[in-house]
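J.: See input.cif below, with mmCIF, C-alpha atoms and all ligand atoms.
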data_data
#
loop_
_atom_site.group_PDB
_atom_site.id
_atom_site.type_symbol
_atom_site.label_atom_id
_atom_site.label_comp_id
_atom_site.auth_asym_id
_atom_site.auth_seq_id
_atom_site.Cartn_x
_atom_site.Cartn_y
_atom_site.Cartn_z
ATOM 1 C CA ARG C 829 -149.306 -33.299 -53.670
ATOM 2 C CA GLN C 830 -147.370 -32.036 -56.647
ATOM 3 C CA HIS C 831 -143.857 -30.684 -56.913
ATOM 4 C CA PRO C 832 -144.049 -26.898 -56.465
ATOM 5 C CA GLU C 833 -142.522 -25.614 -59.708
ATOM 6 C CA GLY C 834 -141.289 -22.373 -58.166
ATOM 7 C CA SER C 835 -138.922 -24.223 -55.840
ATOM 8 C CA MET C 836 -136.981 -25.912 -58.642
ATOM 9 C CA SER C 837 -133.454 -24.771 -59.273
ATOM 10 C CA ASP C 838 -132.475 -23.429 -62.671
ATOM 11 C CA ILE C 839 -130.110 -26.387 -63.133
ATOM 12 C CA LEU C 840 -132.954 -28.854 -62.616
ATOM 13 C CA LEU C 841 -135.241 -26.996 -65.019
ATOM 14 C CA PHE C 842 -132.459 -26.852 -67.630
ATOM 15 C CA THR C 843 -131.728 -30.572 -67.196
ATOM 16 C CA GLN C 844 -135.385 -31.583 -67.476
ATOM 17 C CA ALA C 845 -135.835 -29.559 -70.676
ATOM 18 C CA LEU C 846 -132.630 -31.015 -72.112
ATOM 19 C CA ALA C 847 -133.688 -34.602 -71.328
ATOM 20 C CA ARG C 848 -137.087 -33.991 -72.945
ATOM 21 C CA ASP C 849 -135.488 -32.509 -76.088
ATOM 22 C CA ALA C 850 -132.987 -35.367 -76.349
ATOM 23 C CA GLY C 851 -135.870 -37.801 -75.801
ATOM 24 C CA LYS C 852 -137.749 -36.322 -78.729
ATOM 25 C CA LEU C 853 -134.587 -36.625 -80.816
ATOM 26 C CA ILE C 854 -134.220 -40.378 -80.184
ATOM 27 C CA VAL C 855 -137.931 -41.065 -80.762
ATOM 28 C CA ASP C 856 -137.734 -39.176 -84.074
ATOM 29 C CA GLU C 857 -134.511 -40.923 -85.078
ATOM 30 C CA ARG C 858 -136.073 -44.330 -84.577
ATOM 31 C CA ALA C 859 -139.286 -43.342 -86.336
ATOM 32 C CA ALA C 860 -137.218 -42.203 -89.322
ATOM 33 C CA ALA C 861 -136.164 -45.875 -89.595
ATOM 34 C CA ALA C 862 -132.580 -45.024 -90.449
ATOM 35 C CA LEU C 863 -130.802 -46.509 -87.453
ATOM 36 C CA THR C 864 -127.290 -47.801 -88.010
ATOM 37 C CA HIS C 865 -125.894 -50.509 -85.752
ATOM 38 C CA GLU C 866 -122.250 -50.641 -84.752
ATOM 39 C CA TYR C 867 -120.391 -52.552 -82.094
ATOM 40 C CA LYS C 868 -117.734 -50.967 -79.903
ATOM 41 C CA ASN C 869 -115.308 -53.032 -77.771
ATOM 42 C CA GLY C 870 -116.560 -56.200 -79.469
ATOM 43 C CA ASP C 871 -120.208 -56.651 -78.450
ATOM 44 C CA GLU C 872 -121.385 -53.250 -77.192
ATOM 45 C CA LEU C 873 -124.167 -51.977 -79.436
ATOM 46 C CA VAL C 874 -124.244 -48.297 -80.402
ATOM 47 C CA THR C 875 -126.533 -46.629 -82.968
ATOM 48 C CA ASN C 876 -126.308 -43.290 -84.753
ATOM 49 C CA ALA C 877 -129.071 -42.067 -82.421
ATOM 50 C CA ASP C 878 -126.786 -42.677 -79.400
ATOM 51 C CA ILE C 879 -124.107 -40.518 -81.028
ATOM 52 C CA LYS C 880 -126.551 -37.798 -82.127
ATOM 53 C CA ALA C 881 -128.210 -37.563 -78.715
ATOM 54 C CA ASP C 882 -124.811 -37.468 -77.020
ATOM 55 C CA GLN C 883 -123.651 -34.588 -79.228
ATOM 56 C CA PHE C 884 -126.927 -32.737 -78.769
ATOM 57 C CA ILE C 885 -126.747 -32.951 -74.971
ATOM 58 C CA CYS C 886 -123.029 -32.123 -74.724
ATOM 59 C CA GLU C 887 -123.346 -29.119 -77.036
ATOM 60 C CA ALA C 888 -126.299 -27.724 -75.106
ATOM 61 C CA ILE C 889 -124.397 -28.010 -71.812
ATOM 62 C CA ALA C 890 -121.211 -26.499 -73.262
ATOM 63 C CA ARG C 891 -123.234 -23.552 -74.603
ATOM 64 C CA GLN C 892 -125.060 -22.924 -71.340
ATOM 65 C CA PHE C 893 -122.172 -23.703 -68.942
ATOM 66 C CA PRO C 894 -118.872 -23.238 -70.812
ATOM 67 C CA GLY C 895 -116.691 -23.863 -67.723
ATOM 68 C CA HIS C 896 -118.238 -27.185 -66.732
ATOM 69 C CA GLN C 897 -116.741 -30.647 -67.323
ATOM 70 C CA ILE C 898 -118.706 -33.303 -69.199
ATOM 71 C CA LEU C 899 -118.399 -37.050 -68.831
ATOM 72 C CA SER C 900 -120.586 -38.747 -71.429
ATOM 73 C CA GLU C 901 -120.688 -42.348 -72.537
ATOM 74 C CA GLU C 902 -120.215 -41.756 -76.249
ATOM 75 C CA SER C 903 -117.921 -38.744 -76.469
ATOM 76 C CA SER C 904 -115.705 -38.374 -73.423
ATOM 77 C CA PRO C 905 -115.438 -41.525 -71.333
ATOM 78 C CA ASP C 906 -112.591 -40.218 -69.143
ATOM 79 C CA LEU C 907 -113.376 -42.077 -65.943
ATOM 80 C CA GLY C 908 -110.482 -40.407 -64.139
ATOM 81 C CA ALA C 909 -112.539 -37.199 -64.165
ATOM 82 C CA VAL C 910 -114.953 -38.493 -61.548
ATOM 83 C CA GLN C 911 -112.378 -39.079 -58.850
ATOM 84 C CA LYS C 912 -110.672 -35.712 -59.318
ATOM 85 C CA ILE C 913 -113.559 -33.349 -59.929
ATOM 86 C CA THR C 914 -112.860 -29.725 -59.254
ATOM 87 C CA THR C 915 -115.346 -27.856 -61.451
ATOM 88 C CA PRO C 916 -119.010 -28.819 -61.816
ATOM 89 C CA LEU C 917 -119.363 -32.045 -63.779
ATOM 90 C CA TRP C 918 -122.177 -33.442 -65.942
ATOM 91 C CA ILE C 919 -122.487 -37.222 -66.332
ATOM 92 C CA ILE C 920 -124.523 -38.346 -69.326
ATOM 93 C CA ASP C 921 -125.870 -41.522 -70.835
ATOM 94 C CA PRO C 922 -127.562 -40.368 -74.062
ATOM 95 C CA ILE C 923 -129.501 -43.631 -74.391
ATOM 96 C CA ASP C 924 -129.574 -46.105 -71.539
ATOM 97 C CA GLY C 925 -131.174 -49.251 -72.872
ATOM 98 C CA THR C 926 -129.710 -49.146 -76.373
ATOM 99 C CA VAL C 927 -130.445 -52.811 -77.032
ATOM 100 C CA ASN C 928 -134.130 -52.175 -76.245
ATOM 101 C CA PHE C 929 -134.050 -49.043 -78.395
ATOM 102 C CA ALA C 930 -132.494 -50.807 -81.390
ATOM 103 C CA HIS C 931 -134.916 -53.738 -81.113
ATOM 104 C CA GLY C 932 -138.018 -51.546 -81.074
ATOM 105 C CA HIS C 933 -138.833 -51.886 -77.371
ATOM 106 C CA ASN C 934 -140.176 -48.739 -75.707
ATOM 107 C CA HIS C 935 -138.000 -48.959 -72.609
ATOM 108 C CA SER C 936 -134.936 -46.718 -72.859
ATOM 109 C CA ALA C 937 -133.978 -43.463 -71.213
ATOM 110 C CA ILE C 938 -131.863 -40.332 -71.347
ATOM 111 C CA SER C 939 -129.846 -40.029 -68.124
ATOM 112 C CA ILE C 940 -128.265 -36.740 -67.009
ATOM 113 C CA ALA C 941 -126.616 -36.063 -63.638
ATOM 114 C CA TYR C 942 -125.122 -32.827 -62.358
ATOM 115 C CA VAL C 943 -122.266 -32.998 -59.827
ATOM 116 C CA GLU C 944 -121.009 -30.034 -57.803
ATOM 117 C CA ASP C 945 -118.562 -30.035 -54.870
ATOM 118 C CA ALA C 946 -118.096 -33.767 -55.583
ATOM 119 C CA GLN C 947 -121.779 -34.465 -54.777
ATOM 120 C CA THR C 948 -124.563 -35.361 -57.203
ATOM 121 C CA LYS C 949 -126.980 -32.433 -56.916
ATOM 122 C CA VAL C 950 -129.452 -33.113 -59.726
ATOM 123 C CA GLY C 951 -130.516 -36.320 -61.488
ATOM 124 C CA VAL C 952 -132.935 -36.630 -64.404
ATOM 125 C CA VAL C 953 -133.926 -39.886 -66.145
ATOM 126 C CA TYR C 954 -136.447 -39.611 -68.975
ATOM 127 C CA ASN C 955 -138.139 -42.379 -70.949
ATOM 128 C CA PRO C 956 -139.534 -40.556 -73.993
ATOM 129 C CA PHE C 957 -141.579 -43.579 -75.091
ATOM 130 C CA SER C 958 -143.637 -43.752 -71.899
ATOM 131 C CA GLU C 959 -143.168 -40.010 -71.237
ATOM 132 C CA GLU C 960 -142.007 -40.784 -67.713
ATOM 133 C CA LEU C 961 -139.694 -38.111 -66.325
ATOM 134 C CA PHE C 962 -137.964 -39.104 -63.082
ATOM 135 C CA TYR C 963 -136.001 -36.429 -61.287
ATOM 136 C CA ALA C 964 -134.479 -35.374 -57.996
ATOM 137 C CA GLU C 965 -132.565 -32.533 -56.484
ATOM 138 C CA SER C 966 -130.386 -33.381 -53.525
ATOM 139 C CA GLY C 967 -132.319 -33.002 -50.268
ATOM 140 C CA LYS C 968 -135.634 -32.224 -51.980
ATOM 141 C CA GLY C 969 -137.237 -35.604 -52.652
ATOM 142 C CA ALA C 970 -137.766 -37.609 -55.825
ATOM 143 C CA PHE C 971 -140.501 -37.167 -58.397
ATOM 144 C CA LEU C 972 -142.108 -38.828 -61.405
ATOM 145 C CA ASN C 973 -143.835 -36.313 -63.681
ATOM 146 C CA SER C 974 -144.177 -33.854 -60.741
ATOM 147 C CA ASN C 975 -145.589 -36.455 -58.326
ATOM 148 C CA PRO C 976 -143.503 -37.473 -55.297
ATOM 149 C CA ILE C 977 -142.269 -41.075 -55.339
ATOM 150 C CA SER C 978 -140.943 -43.405 -52.662
ATOM 151 C CA VAL C 979 -139.631 -46.946 -52.392
ATOM 152 C CA SER C 980 -141.828 -49.980 -51.740
ATOM 153 C CA SER C 981 -142.619 -51.187 -48.249
ATOM 154 C CA GLU C 982 -142.064 -54.870 -49.085
ATOM 155 C CA ALA C 983 -140.370 -56.445 -46.088
ATOM 156 C CA GLU C 984 -140.061 -60.086 -47.112
ATOM 157 C CA LEU C 985 -137.265 -61.255 -49.361
ATOM 158 C CA ARG C 986 -139.379 -64.111 -50.691
ATOM 159 C CA ARG C 987 -142.051 -61.628 -51.842
ATOM 160 C CA SER C 988 -139.634 -59.111 -53.333
ATOM 161 C CA LEU C 989 -139.198 -58.459 -57.060
ATOM 162 C CA ILE C 990 -135.529 -58.026 -57.946
ATOM 163 C CA ALA C 991 -133.954 -56.614 -61.113
ATOM 164 C CA THR C 992 -130.463 -57.017 -62.476
ATOM 165 C CA GLY C 993 -128.584 -56.867 -65.758
ATOM 166 C CA PHE C 994 -125.660 -58.423 -67.558
ATOM 167 C CA PRO C 995 -122.602 -56.874 -69.190
ATOM 168 C CA TYR C 996 -121.801 -56.920 -72.901
ATOM 169 C CA ASP C 997 -118.461 -58.556 -72.021
ATOM 170 C CA LYS C 998 -119.268 -62.281 -72.005
ATOM 171 C CA SER C 999 -116.031 -63.156 -70.185
ATOM 172 C CA THR C 1000 -117.383 -61.747 -66.892
ATOM 173 C CA LEU C 1001 -120.604 -63.796 -66.749
ATOM 174 C CA ALA C 1002 -119.467 -66.673 -64.508
ATOM 175 C CA PRO C 1003 -120.133 -65.203 -61.011
ATOM 176 C CA MET C 1004 -123.568 -63.997 -62.115
ATOM 177 C CA ILE C 1005 -125.076 -67.433 -62.575
ATOM 178 C CA PRO C 1006 -124.907 -68.560 -58.892
ATOM 179 C CA ARG C 1007 -126.246 -65.128 -57.844
ATOM 180 C CA LEU C 1008 -129.195 -65.568 -60.207
ATOM 181 C CA HIS C 1009 -129.827 -69.001 -58.808
ATOM 182 C CA ALA C 1010 -129.876 -67.676 -55.225
ATOM 183 C CA VAL C 1011 -132.155 -64.758 -56.086
ATOM 184 C CA LEU C 1012 -134.589 -66.993 -57.994
ATOM 185 C CA ALA C 1013 -134.648 -69.455 -55.091
ATOM 186 C CA ASN C 1014 -135.115 -66.853 -52.327
ATOM 187 C CA CYS C 1015 -137.047 -63.951 -53.894
ATOM 188 C CA ALA C 1016 -140.373 -63.693 -55.741
ATOM 189 C CA ASP C 1017 -138.872 -63.300 -59.210
ATOM 190 C CA ILE C 1018 -136.240 -61.527 -61.253
ATOM 191 C CA ARG C 1019 -136.420 -58.942 -64.063
ATOM 192 C CA ARG C 1020 -133.883 -58.049 -66.777
ATOM 193 C CA ILE C 1021 -135.657 -55.037 -68.215
ATOM 194 C CA GLY C 1022 -132.686 -53.617 -70.113
ATOM 195 C CA SER C 1023 -132.037 -50.129 -68.753
ATOM 196 C CA ALA C 1024 -130.111 -49.783 -65.519
ATOM 197 C CA ALA C 1025 -131.173 -46.140 -65.107
ATOM 198 C CA LEU C 1026 -134.851 -47.106 -65.387
ATOM 199 C CA ASP C 1027 -134.374 -50.171 -63.153
ATOM 200 C CA ILE C 1028 -133.119 -47.863 -60.406
ATOM 201 C CA CYS C 1029 -135.970 -45.384 -60.990
ATOM 202 C CA PHE C 1030 -138.483 -48.266 -60.890
ATOM 203 C CA LEU C 1031 -136.931 -49.262 -57.571
ATOM 204 C CA ALA C 1032 -137.267 -45.642 -56.408
ATOM 205 C CA MET C 1033 -141.009 -45.645 -57.104
ATOM 206 C CA GLY C 1034 -141.750 -49.125 -55.760
ATOM 207 C CA ARG C 1035 -142.171 -51.103 -58.989
ATOM 208 C CA LEU C 1036 -139.153 -53.152 -57.859
ATOM 209 C CA ASP C 1037 -137.944 -54.003 -54.348
ATOM 210 C CA GLY C 1038 -134.263 -54.629 -55.032
ATOM 211 C CA TYR C 1039 -131.665 -54.184 -57.750
ATOM 212 C CA TYR C 1040 -128.023 -55.234 -58.195
ATOM 213 C CA GLU C 1041 -125.510 -55.029 -61.045
ATOM 214 C CA SER C 1042 -122.018 -53.841 -62.005
ATOM 215 C CA LEU C 1043 -122.298 -50.747 -64.181
ATOM 216 C CA SER C 1044 -120.533 -47.703 -65.595
ATOM 217 C CA ILE C 1045 -120.891 -44.329 -63.900
ATOM 218 C CA TRP C 1046 -123.209 -42.875 -66.590
ATOM 219 C CA ASP C 1047 -125.707 -45.727 -66.120
ATOM 220 C CA PHE C 1048 -126.471 -44.872 -62.497
ATOM 221 C CA ALA C 1049 -125.240 -41.334 -61.618
ATOM 222 C CA ALA C 1050 -128.652 -39.683 -62.069
ATOM 223 C CA ALA C 1051 -130.872 -42.596 -60.998
ATOM 224 C CA ARG C 1052 -128.895 -43.187 -57.791
ATOM 225 C CA LEU C 1053 -129.768 -39.707 -56.522
ATOM 226 C CA ILE C 1054 -133.426 -40.297 -57.453
ATOM 227 C CA ALA C 1055 -133.371 -43.580 -55.491
ATOM 228 C CA ILE C 1056 -131.728 -41.986 -52.445
ATOM 229 C CA GLU C 1057 -134.254 -39.148 -52.455
ATOM 230 C CA ALA C 1058 -137.043 -41.748 -52.688
ATOM 231 C CA GLY C 1059 -135.781 -43.477 -49.538
ATOM 232 C CA ALA C 1060 -133.718 -46.298 -51.051
ATOM 233 C CA GLU C 1061 -130.581 -47.655 -49.511
ATOM 234 C CA CYS C 1062 -127.705 -47.464 -52.023
ATOM 235 C CA GLY C 1063 -124.461 -49.355 -51.553
ATOM 236 C CA HIS C 1064 -122.514 -52.407 -52.676
ATOM 237 C CA PHE C 1065 -122.427 -56.121 -51.932
ATOM 238 C CA SER C 1066 -118.622 -56.197 -52.151
ATOM 239 C CA GLU C 1067 -116.044 -53.968 -50.484
ATOM 240 C CA VAL C 1068 -115.434 -50.522 -51.982
ATOM 241 C CA PRO C 1069 -111.643 -50.190 -52.455
ATOM 242 C CA PRO C 1070 -109.987 -47.716 -50.079
ATOM 243 C CA GLY C 1071 -109.707 -44.177 -51.444
ATOM 244 C CA ILE C 1072 -112.679 -44.585 -53.812
ATOM 245 C CA ASP C 1073 -115.784 -42.462 -53.257
ATOM 246 C CA PRO C 1074 -118.582 -45.065 -52.810
ATOM 247 C CA GLN C 1075 -121.180 -42.862 -54.541
ATOM 248 C CA PHE C 1076 -119.231 -43.238 -57.808
ATOM 249 C CA TYR C 1077 -118.035 -46.838 -57.361
ATOM 250 C CA ASP C 1078 -119.558 -48.903 -60.161
ATOM 251 C CA ARG C 1079 -118.856 -52.559 -59.189
ATOM 252 C CA ASP C 1080 -121.424 -54.750 -57.392
ATOM 253 C CA ILE C 1081 -123.956 -51.991 -56.865
ATOM 254 C CA LEU C 1082 -126.898 -52.843 -54.611
ATOM 255 C CA ILE C 1083 -129.983 -50.647 -54.283
ATOM 256 C CA ALA C 1084 -133.126 -51.678 -52.432
ATOM 257 C CA ASN C 1085 -135.769 -50.519 -50.028
ATOM 258 C CA PRO C 1086 -134.189 -50.251 -46.553
ATOM 259 C CA THR C 1087 -135.752 -53.490 -45.268
ATOM 260 C CA ILE C 1088 -134.820 -55.634 -48.255
ATOM 261 C CA TYR C 1089 -131.323 -54.114 -48.559
ATOM 262 C CA PRO C 1090 -129.561 -56.033 -45.733
ATOM 263 C CA LEU C 1091 -131.381 -59.266 -46.659
ATOM 264 C CA LEU C 1092 -130.411 -59.115 -50.333
ATOM 265 C CA ARG C 1093 -126.867 -58.016 -49.434
ATOM 266 C CA ALA C 1094 -126.439 -61.013 -47.128
ATOM 267 C CA LEU C 1095 -127.835 -63.357 -49.790
ATOM 268 C CA LEU C 1096 -125.458 -62.091 -52.518
ATOM 269 C CA GLN C 1097 -122.455 -62.096 -50.175
ATOM 270 C CA GLU C 1098 -123.223 -65.644 -49.090
ATOM 271 C CA VAL C 1099 -123.165 -66.746 -52.739
ATOM 272 C CA ASP C 1100 -119.960 -64.847 -53.537
ATOM 273 C CA ASN C 1101 -118.196 -66.246 -50.458
ATOM 274 C CA ALA C 1102 -119.301 -69.846 -51.044
HETATM 275 C C1 LIG C 1201 -126.752 -50.843 -70.501
HETATM 276 C C2 LIG C 1201 -128.084 -50.947 -69.795
HETATM 277 C C3 LIG C 1201 -128.305 -52.347 -69.271
HETATM 278 C C4 LIG C 1201 -127.180 -52.790 -68.374
HETATM 279 C C5 LIG C 1201 -125.852 -52.672 -69.095
HETATM 280 C C6 LIG C 1201 -125.639 -51.241 -69.592
HETATM 281 P P1 LIG C 1201 -126.557 -49.075 -72.514
HETATM 282 O O1 LIG C 1201 -126.512 -49.529 -70.935
HETATM 283 O O2 LIG C 1201 -128.151 -50.055 -68.708
HETATM 284 O O3 LIG C 1201 -129.512 -52.442 -68.543
HETATM 285 O O4 LIG C 1201 -127.406 -54.114 -67.994
HETATM 286 O O5 LIG C 1201 -124.819 -53.018 -68.192
HETATM 287 O O6 LIG C 1201 -124.408 -51.170 -70.279
HETATM 288 O O7 LIG C 1201 -125.457 -49.763 -73.212
HETATM 289 O O8 LIG C 1201 -127.880 -49.448 -73.032
HETATM 290 O O9 LIG C 1201 -126.342 -47.596 -72.408
HETATM 291 CA CA CA C 1202 -126.042 -47.257 -70.152
HETATM 292 CA CA CA C 1203 -125.798 -45.753 -73.499
#
Can the structure in the file be given as structure tokens, please?
Ligand code: IPD
Ligand code: CA
Ligand code: CA

T.:
Amino acid sequence: RQHPEGSMSDILLFTQALARDAGKLIVDERAAAALTHEYKNGDELVTNADIKADQFICEAIARQFPGHQILSEESSPDLGAVQKITTPLWIIDPIDGTVNFAHGHNHSAISIAYVEDAQTKVGVVYNPFSEELFYAESGKGAFLNSNPISVSSEAELRRSLIATGFPYDKSTLAPMIPRLHAVLANCADIRRIGSAALDICFLAMGRLDGYYESLSIWDFAAARLIAIEAGAECGHFSEVPPGIDPQFYDRDILIANPTIYPLLRALLQEVDNA
């Protein structure tokens, strides 16, 4: 069964085309072998391709939808915007997996989410190197290159493959080590693949059984909708502060198939409370 093209909203079609075009841009930029490397906030890698892709995506959205707000990693990181959204909002990570990108790995993605009435309505994550286009529209299922996807049916924690990631800020590493130890001891294995957006899409299509990490909104806004539409359970392994919308809360994110979710949550909470 394939996704019936005629049922796709104009926003989804626009977003898919934009992600593909931006994907081509970053592939071409890397092939041109003229990448510059800079570090923001100390250790956070950013290349000229990140900046170019960001500008390309933001300009295309501003042209097509002049009244909409844009929250993008490289050009407008105003995190306040998410909690007080009135107009439609676009949340963009021009390259998720920049370290992979800069080191010549073919595992990075363009991530674009569209938020309306304070709900994520469309999510598109595109890896131009593997030509895998993940997408979802709220209430309409999740797809990979037009084919429906769903989460794994793994039910045993000790057989489950778990992914996570680590922040650029080395000062926050300490609590992650005991969590890693617990996951390695109680699950099949762990992956650090290097793109949170793709980790969550891999979870959505059953290549992973669980995923946890603290992120920024642009890393997960699109992929979270794709995971939900694929049947994943999306939440947190710590408390969401009162007054914060959990769908946009970026600390201690936990996403898993519905059977593994409570098991992995209990495991991580046990470590954090020890
Ligand atoms: C990073 C990736 C990585 C995650 C980091 C993110 P970037 O995004 O998603 O997998 O572990 O926390 O910052 O910098 O490549 O866009
Ligand atoms: Ca990112
Ligand atoms: Ca990025």

J.: Output the residue selection produced by the PyMOL selection byres (((chain C and resi 925-931) around 7) and not hetatm) on the file above, formatted as a list in words.

T.: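 Residues picked by the PyMOL selection byres (((chain C and resi 925-931) around 7) and not hetatm): Leu873, Val874, Ile923, Asp924, Gly932, His933, Asn934, His935, Ser936, Ala937, Gly1022 and Ser1023 of chain C.
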
J.: Identify which of the residues C:Thr843, C:Ser988, C:Asn876, C:Ser980 lies closest to Ala1055 of chain C, counting only C-alpha atoms when measuring atom-to-atom distances.

T.: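 Closest candidate: C:Ser980.
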
J.: Using all atoms listed in the file, which protein or nucleic acid residues come within 7 Å of Ser1044 of chain C? Drop anything in the same chain fewer than 2 positions from it, and give the result as a ChimeraX atom specification.

T.: /C:1046-1047,1078

J.: Would you mind telling me which residue in C:Tyr1077, C:Tyr1089, C:Phe1030, C:Phe994 lies nearest to ligand LIG 1201 (chain C) when using all atoms listed in the file?

T.: C:Phe994

J.: Convert the output of the PyMOL selection byres (((chain C and resi 1100) around 10) and not hetatm) on the shown file into explicit residues, formatted as a list in words.

T.: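 So the PyMOL selection byres (((chain C and resi 1100) around 10) and not hetatm) ends up selecting Pro1003, Met1004, Pro1006, Arg1007, Phe1065, Ser1066, Ala1094, Leu1095, Leu1096, Gln1097, Glu1098, Val1099, Asn1101 and Ala1102 of chain C.
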
J.: Pick out the closest residue to Phe1048 of chain C from this set: C:His865, C:Arg1079, C:Arg858, C:Lys880. Count only C-alpha atoms.

T.: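 For Phe1048 of chain C, the nearest of the candidates is C:Arg1079.
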
J.: Return as a CSV table (one decimal) with C-alpha atoms, keeping the file's coordinate frame the set of residues that the PyMOL selection byres (((chain C and resi 903) around 10) and not hetatm) yields on the displayed structure.

T.:
chain,number,residue,atom,x,y,z
C,879,ILE,CA,-124.1,-40.5,-81.0
C,882,ASP,CA,-124.8,-37.5,-77.0
C,883,GLN,CA,-123.7,-34.6,-79.2
C,886,CYS,CA,-123.0,-32.1,-74.7
C,898,ILE,CA,-118.7,-33.3,-69.2
C,899,LEU,CA,-118.4,-37.0,-68.8
C,900,SER,CA,-120.6,-38.7,-71.4
C,901,GLU,CA,-120.7,-42.3,-72.5
C,902,GLU,CA,-120.2,-41.8,-76.2
C,904,SER,CA,-115.7,-38.4,-73.4
C,905,PRO,CA,-115.4,-41.5,-71.3
C,906,ASP,CA,-112.6,-40.2,-69.1
C,920,ILE,CA,-124.5,-38.3,-69.3

J.: Smallest atom-to-atom distance to Leu917 of chain C: which of C:Ser939, C:Thr948, C:Leu961, C:Thr1000, using all atoms listed in the file?

T.: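 Checking each candidate against Leu917 of chain C, we get C:Thr948 as the closest.
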
J.: Take atom CA of Ile977 of chain C and atom CA of Ile1045 of chain C and report the distance between them in Å, one decimal.

T.: 23.3 Å

J.: For ligand CA 1202 (chain C), which residue among C:Val943, C:Ile1054, C:Ala1060, C:Ile938 is the nearest when counting all atoms listed in the file?

T.: C:Ile938

J.: In Å to one decimal, how far is atom CA of Glu872 of chain C from atom CA of His896 of chain C?

T.: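 For atom CA of His896 of chain C relative to atom CA of Glu872 of chain C, the distance reads 28.3 Å.
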
J.: Find the residues near Arg1019 of chain C: any atom within 10 Å, counting all atoms listed in the file, skip ones fewer than 4 places away on the same chain, and give them as a PDB file with C-alpha atoms, in the coordinates of the input.

T.:
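Ended up saving to around38.pdb:
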ATOM      1  CA  LEU C 989    -139.198 -58.459 -57.060  1.00  0.00           C
ATOM      2  CA  ILE C 990    -135.529 -58.026 -57.946  1.00  0.00           C
ATOM      3  CA  ALA C 991    -133.954 -56.614 -61.113  1.00  0.00           C
ATOM      4  CA  THR C 992    -130.463 -57.017 -62.476  1.00  0.00           C
ATOM      5  CA  GLY C 993    -128.584 -56.867 -65.758  1.00  0.00           C
ATOM      6  CA  ASP C1027    -134.374 -50.171 -63.153  1.00  0.00           C
ATOM      7  CA  LEU C1036    -139.153 -53.152 -57.859  1.00  0.00           C
ATOM      8  CA  TYR C1039    -131.665 -54.184 -57.750  1.00  0.00           C
TER       9      TYR C1039
END

J.: One decimal, Å: what's the distance from atom CA of Ala983 of chain C over to atom CA of Gly1038 of chain C, could you say?

T.: 11.0 Å

J.: Set up a box along x, y and z of the file covering all listed atoms of segment 969-983 of chain C, add 3 Å on every one of the six sides, and write the centre and edge lengths in Å to one decimal, as JSON.

T.:
{"center_x": -141.4, "center_y": -45.1, "center_z": -54.9, "size_x": 14.4, "size_y": 28.6, "size_z": 23.6}
